[in-house]
Amino acid sequence: MFFLLSFPFLGERLEYVVKYGPFTAGRAWMWVEKDTLQGMEVYRIISEERTEGFFNLFFKVEDRYDSWVRVDSFCSCRFRKKIQEGRYKNMVEIEFGEEKVRYSDGREYPGRECMVDLLSSIYYVRLLPLEVGKTFYIPVHADEITGDLKIEVVEKERVRVPWGEFEAFRVKPVLPETKAFGRKGGLDLWYSDTPERIPVKIKMRTFFGSLVFLLERRN
């Protein structure tokens with residue numbers, strides 16, 4: 001991890017259209033704002049995902065993820081997941097510490113110095129010097145697993161999304177012990193080859209097929 005001199009994504013809001021094959025399945029949003037946590041100034045990263053139309057009848061999804069990270073180092077302090085997927089509902093909050101990671105239901109797992117979580121890892125990659133062929137390892141805790149998230153920069157390709165056309169790095173995050181980053185390593189993210197490293201496209205493999213998030217708007 002490193003010391004942050006600035007965080008260029010504060011105030012940014014990303015909006016995605018979610019595709020299932022040729023069909024529009026829903027919308028997703030990610031944004032960053034300032035917050036305080038236990039008297040400390042932090043960045044709060046928020047992500048929401050919702051199905052719409054026919055997909056609400058077939059398999060309704062209303063998910064929200066919140067990640068609180070330190071201003072000076074981008075280390076995760078707290079992570080909250082509140083999901084409704086079909087008939088399944090769940091809410092869990094995780095407190096990050098160097099010695100232990102504590103869940104709101106009382107479970108505890110080993111901690112490490114300066115970890116990221118499922119959501120903040122997407123933004124952390126934007127701060128890395130991406131280059132095709134490079135591999136990075138990031139301390140992470142996700143889905144009861146504390147380990148090293150492997151970030152592979154696979155290739156650079158031209159990507160067309162509703163917001164425009166970009167040269168983008170295709171990045172594959174892998175944490176073998178968990179499905180948090182897609183089933184069987186089935187998660188790919190495309191970051192624009194621009195100083196902002198915007199995640200313009202996300203492809204996620206699920207048990208019922210692949211979902212593709214395409215950037216529609218950036219404010």
# chains A, B, ... in the order shown; residues from 1 in each chain; ligands from 1
>>> residues_around(residues="Phe169 of chain A", least_positions_apart="3", cutoff="6 Å", atoms="only C-alpha atoms", output="PyMOL selection string")
chain A and resi 155-156+190-191
>>> write_last_selection(atoms="N, CA and C atoms", output="compact mmCIF listing (two decimals), in the first residue's frame")
# COMPACT_ATOMS: atom_id res chain seq x y z
N GLU A 155 -4.47 -7.52 -21.16
CA GLU A 155 -4.28 -6.97 -22.50
C GLU A 155 -4.84 -5.56 -22.56
N LYS A 156 -4.57 -4.88 -23.66
CA LYS A 156 -5.18 -3.58 -23.93
C LYS A 156 -5.97 -3.71 -25.21
N TRP A 190 -12.46 -3.48 -17.40
CA TRP A 190 -11.73 -2.71 -18.40
C TRP A 190 -11.58 -1.28 -17.88
N TYR A 191 -10.32 -0.86 -17.68
CA TYR A 191 -10.01 0.48 -17.20
C TYR A 191 -9.47 1.31 -18.37
>>> residues_around(residues="Val101 of chain A", least_positions_apart="3", cutoff="10 Å", atoms="only C-alpha atoms", output="PyMOL selection string")
chain A and resi 77-78+94-98+107-112+141+144-146
>>> select_by_dssp(residues="segment 1-100 of chain A", states="helix (DSSP H, G or I)", output="list of chain:residue names")
A:Phe54, A:Phe55, A:Asn56, A:Leu57, A:Phe58, A:Phe59
>>> select_by_dssp(residues="segment 18-171 of chain A", states="strand (DSSP E or B)", output="number ranges by chain")
A: 18-20, 23-37, 40-51, 61-70, 76-85, 88-96, 100-103, 108-110, 116, 135-142, 145-161, 164-171
>>> write_last_selection(atoms="C-alpha atoms", output="mmCIF file, in the first residue's frame")
data_model
loop_
_atom_site.group_PDB
_atom_site.id
_atom_site.type_symbol
_atom_site.label_atom_id
_atom_site.label_comp_id
_atom_site.auth_asym_id
_atom_site.auth_seq_id
_atom_site.Cartn_x
_atom_site.Cartn_y
_atom_site.Cartn_z
ATOM 1 C CA VAL A 18 -26.381 -3.823 -17.009
ATOM 2 C CA LYS A 19 -26.769 -6.253 -19.906
ATOM 3 C CA TYR A 20 -27.704 -9.922 -19.906
ATOM 4 C CA PHE A 23 -31.317 -7.564 -22.870
ATOM 5 C CA THR A 24 -31.130 -4.684 -20.399
ATOM 6 C CA ALA A 25 -31.269 -6.261 -16.942
ATOM 7 C CA GLY A 26 -30.899 -3.149 -14.803
ATOM 8 C CA ARG A 27 -28.727 -0.253 -13.702
ATOM 9 C CA ALA A 28 -25.731 0.161 -11.403
ATOM 10 C CA TRP A 29 -24.025 3.158 -9.815
ATOM 11 C CA MET A 30 -20.732 3.817 -8.036
ATOM 12 C CA TRP A 31 -19.722 7.054 -6.365
ATOM 13 C CA VAL A 32 -17.357 8.496 -3.752
ATOM 14 C CA GLU A 33 -18.001 11.017 -1.009
ATOM 15 C CA LYS A 34 -16.355 12.262 2.184
ATOM 16 C CA ASP A 35 -17.526 10.938 5.545
ATOM 17 C CA THR A 36 -16.391 10.571 9.157
ATOM 18 C CA LEU A 37 -15.971 7.268 10.984
ATOM 19 C CA MET A 40 -11.768 10.139 11.610
ATOM 20 C CA GLU A 41 -12.158 11.641 8.141
ATOM 21 C CA VAL A 42 -12.611 8.885 5.531
ATOM 22 C CA TYR A 43 -13.677 8.332 1.957
ATOM 23 C CA ARG A 44 -16.941 6.447 1.523
ATOM 24 C CA ILE A 45 -17.331 4.441 -1.672
ATOM 25 C CA ILE A 46 -20.884 3.389 -2.508
ATOM 26 C CA SER A 47 -22.221 0.965 -5.086
ATOM 27 C CA GLU A 48 -25.845 0.155 -5.895
ATOM 28 C CA GLU A 49 -27.265 -2.402 -8.325
ATOM 29 C CA ARG A 50 -30.917 -2.838 -9.291
ATOM 30 C CA THR A 51 -32.788 -4.942 -11.799
ATOM 31 C CA VAL A 61 -31.927 -7.595 -7.310
ATOM 32 C CA GLU A 62 -31.482 -4.615 -4.973
ATOM 33 C CA ASP A 63 -27.901 -4.578 -3.705
ATOM 34 C CA ARG A 64 -25.947 -1.875 -1.923
ATOM 35 C CA TYR A 65 -22.298 -1.929 -0.884
ATOM 36 C CA ASP A 66 -20.540 0.692 1.270
ATOM 37 C CA SER A 67 -16.799 0.873 1.853
ATOM 38 C CA TRP A 68 -15.059 3.284 4.232
ATOM 39 C CA VAL A 69 -11.340 3.792 3.562
ATOM 40 C CA ARG A 70 -8.643 5.917 5.195
ATOM 41 C CA SER A 76 -10.300 -0.327 4.471
ATOM 42 C CA CYS A 77 -11.862 0.547 7.825
ATOM 43 C CA ARG A 78 -15.401 -0.785 7.385
ATOM 44 C CA PHE A 79 -17.405 -2.602 4.731
ATOM 45 C CA ARG A 80 -21.175 -3.086 4.597
ATOM 46 C CA LYS A 81 -23.123 -5.321 2.253
ATOM 47 C CA LYS A 82 -26.911 -5.219 2.033
ATOM 48 C CA ILE A 83 -28.335 -7.469 -0.653
ATOM 49 C CA GLN A 84 -31.668 -8.714 -1.936
ATOM 50 C CA GLU A 85 -31.334 -11.250 -4.730
ATOM 51 C CA TYR A 88 -32.440 -14.163 -0.532
ATOM 52 C CA LYS A 89 -31.750 -11.188 1.742
ATOM 53 C CA ASN A 90 -28.661 -10.492 3.806
ATOM 54 C CA MET A 91 -26.880 -7.640 5.549
ATOM 55 C CA VAL A 92 -23.410 -7.857 6.999
ATOM 56 C CA GLU A 93 -21.002 -5.237 8.299
ATOM 57 C CA ILE A 94 -17.270 -5.855 8.641
ATOM 58 C CA GLU A 95 -14.775 -3.929 10.763
ATOM 59 C CA PHE A 96 -11.170 -4.101 9.519
ATOM 60 C CA LYS A 100 -8.657 -9.236 13.394
ATOM 61 C CA VAL A 101 -11.518 -8.705 10.977
ATOM 62 C CA ARG A 102 -14.827 -8.627 12.856
ATOM 63 C CA TYR A 103 -18.255 -9.337 11.367
ATOM 64 C CA GLU A 108 -13.773 -13.093 13.535
ATOM 65 C CA TYR A 109 -11.013 -13.779 11.009
ATOM 66 C CA PRO A 110 -7.292 -12.987 10.843
ATOM 67 C CA VAL A 116 -8.848 -3.509 0.842
ATOM 68 C CA THR A 135 0.778 -8.555 -12.034
ATOM 69 C CA PHE A 136 0.007 -6.906 -8.698
ATOM 70 C CA TYR A 137 -0.862 -8.412 -5.317
ATOM 71 C CA ILE A 138 -3.128 -6.530 -2.905
ATOM 72 C CA PRO A 139 -3.928 -7.565 0.701
ATOM 73 C CA VAL A 140 -7.683 -8.121 0.838
ATOM 74 C CA HIS A 141 -10.469 -9.537 2.966
ATOM 75 C CA ALA A 142 -13.595 -10.746 1.177
ATOM 76 C CA ILE A 145 -11.078 -14.925 3.365
ATOM 77 C CA THR A 146 -7.975 -12.862 4.188
ATOM 78 C CA GLY A 147 -5.411 -13.191 1.426
ATOM 79 C CA ASP A 148 -3.653 -11.616 -1.520
ATOM 80 C CA LEU A 149 -5.820 -10.456 -4.389
ATOM 81 C CA LYS A 150 -3.968 -11.137 -7.622
ATOM 82 C CA ILE A 151 -4.445 -8.417 -10.244
ATOM 83 C CA GLU A 152 -3.459 -9.479 -13.761
ATOM 84 C CA VAL A 153 -3.259 -6.860 -16.526
ATOM 85 C CA VAL A 154 -4.154 -9.163 -19.409
ATOM 86 C CA GLU A 155 -4.281 -6.970 -22.504
ATOM 87 C CA LYS A 156 -5.180 -3.581 -23.931
ATOM 88 C CA GLU A 157 -8.069 -3.373 -26.368
ATOM 89 C CA ARG A 158 -10.571 -0.918 -27.810
ATOM 90 C CA VAL A 159 -13.890 -0.919 -25.969
ATOM 91 C CA ARG A 160 -17.156 0.703 -27.015
ATOM 92 C CA VAL A 161 -19.706 1.607 -24.307
ATOM 93 C CA GLY A 164 -17.911 6.493 -25.666
ATOM 94 C CA GLU A 165 -15.066 4.480 -27.162
ATOM 95 C CA PHE A 166 -11.823 3.878 -25.258
ATOM 96 C CA GLU A 167 -8.482 2.145 -25.351
ATOM 97 C CA ALA A 168 -8.715 0.120 -22.156
ATOM 98 C CA PHE A 169 -6.711 -2.307 -20.037
ATOM 99 C CA ARG A 170 -8.481 -5.603 -19.346
ATOM 100 C CA VAL A 171 -7.766 -6.534 -15.755
#
>>> residues_around(residues="Arg217 of chain A", least_positions_apart="3", cutoff="6 Å", atoms="only C-alpha atoms", output="PDB file with C-alpha atoms, in the first residue's frame")
ATOM      1  CA  LEU A  14     -20.444   6.424 -12.485  1.00  0.00           C
ATOM      2  CA  GLU A  15     -23.675   5.034 -13.955  1.00  0.00           C
ATOM      3  CA  TRP A 163     -20.478   6.765 -22.862  1.00  0.00           C
TER       4      TRP A 163
END
>>> closest_residue(among="A:Met204, A:Asp193, A:Asp117, A:Asp188", to="Val132 of chain A", atoms="only C-alpha atoms")
A:Asp193
>>> closest_residue(among="A:Leu214, A:Asp72, A:Pro8, A:Lys172", to="Arg197 of chain A", atoms="only C-alpha atoms")
A:Pro8
>>> closest_residue(among="A:Phe9, A:Phe213, A:Phe74, A:Phe55", to="Lys201 of chain A", atoms="only C-alpha atoms")
A:Phe213
>>> atom_distance(atom1="atom CA of Leu189 of chain A", atom2="atom CA of Lys203 of chain A")
6.4 Å
>>> atom_distance(atom1="atom CA of Ser121 of chain A", atom2="atom CA of Arg13 of chain A")
16.7 Å
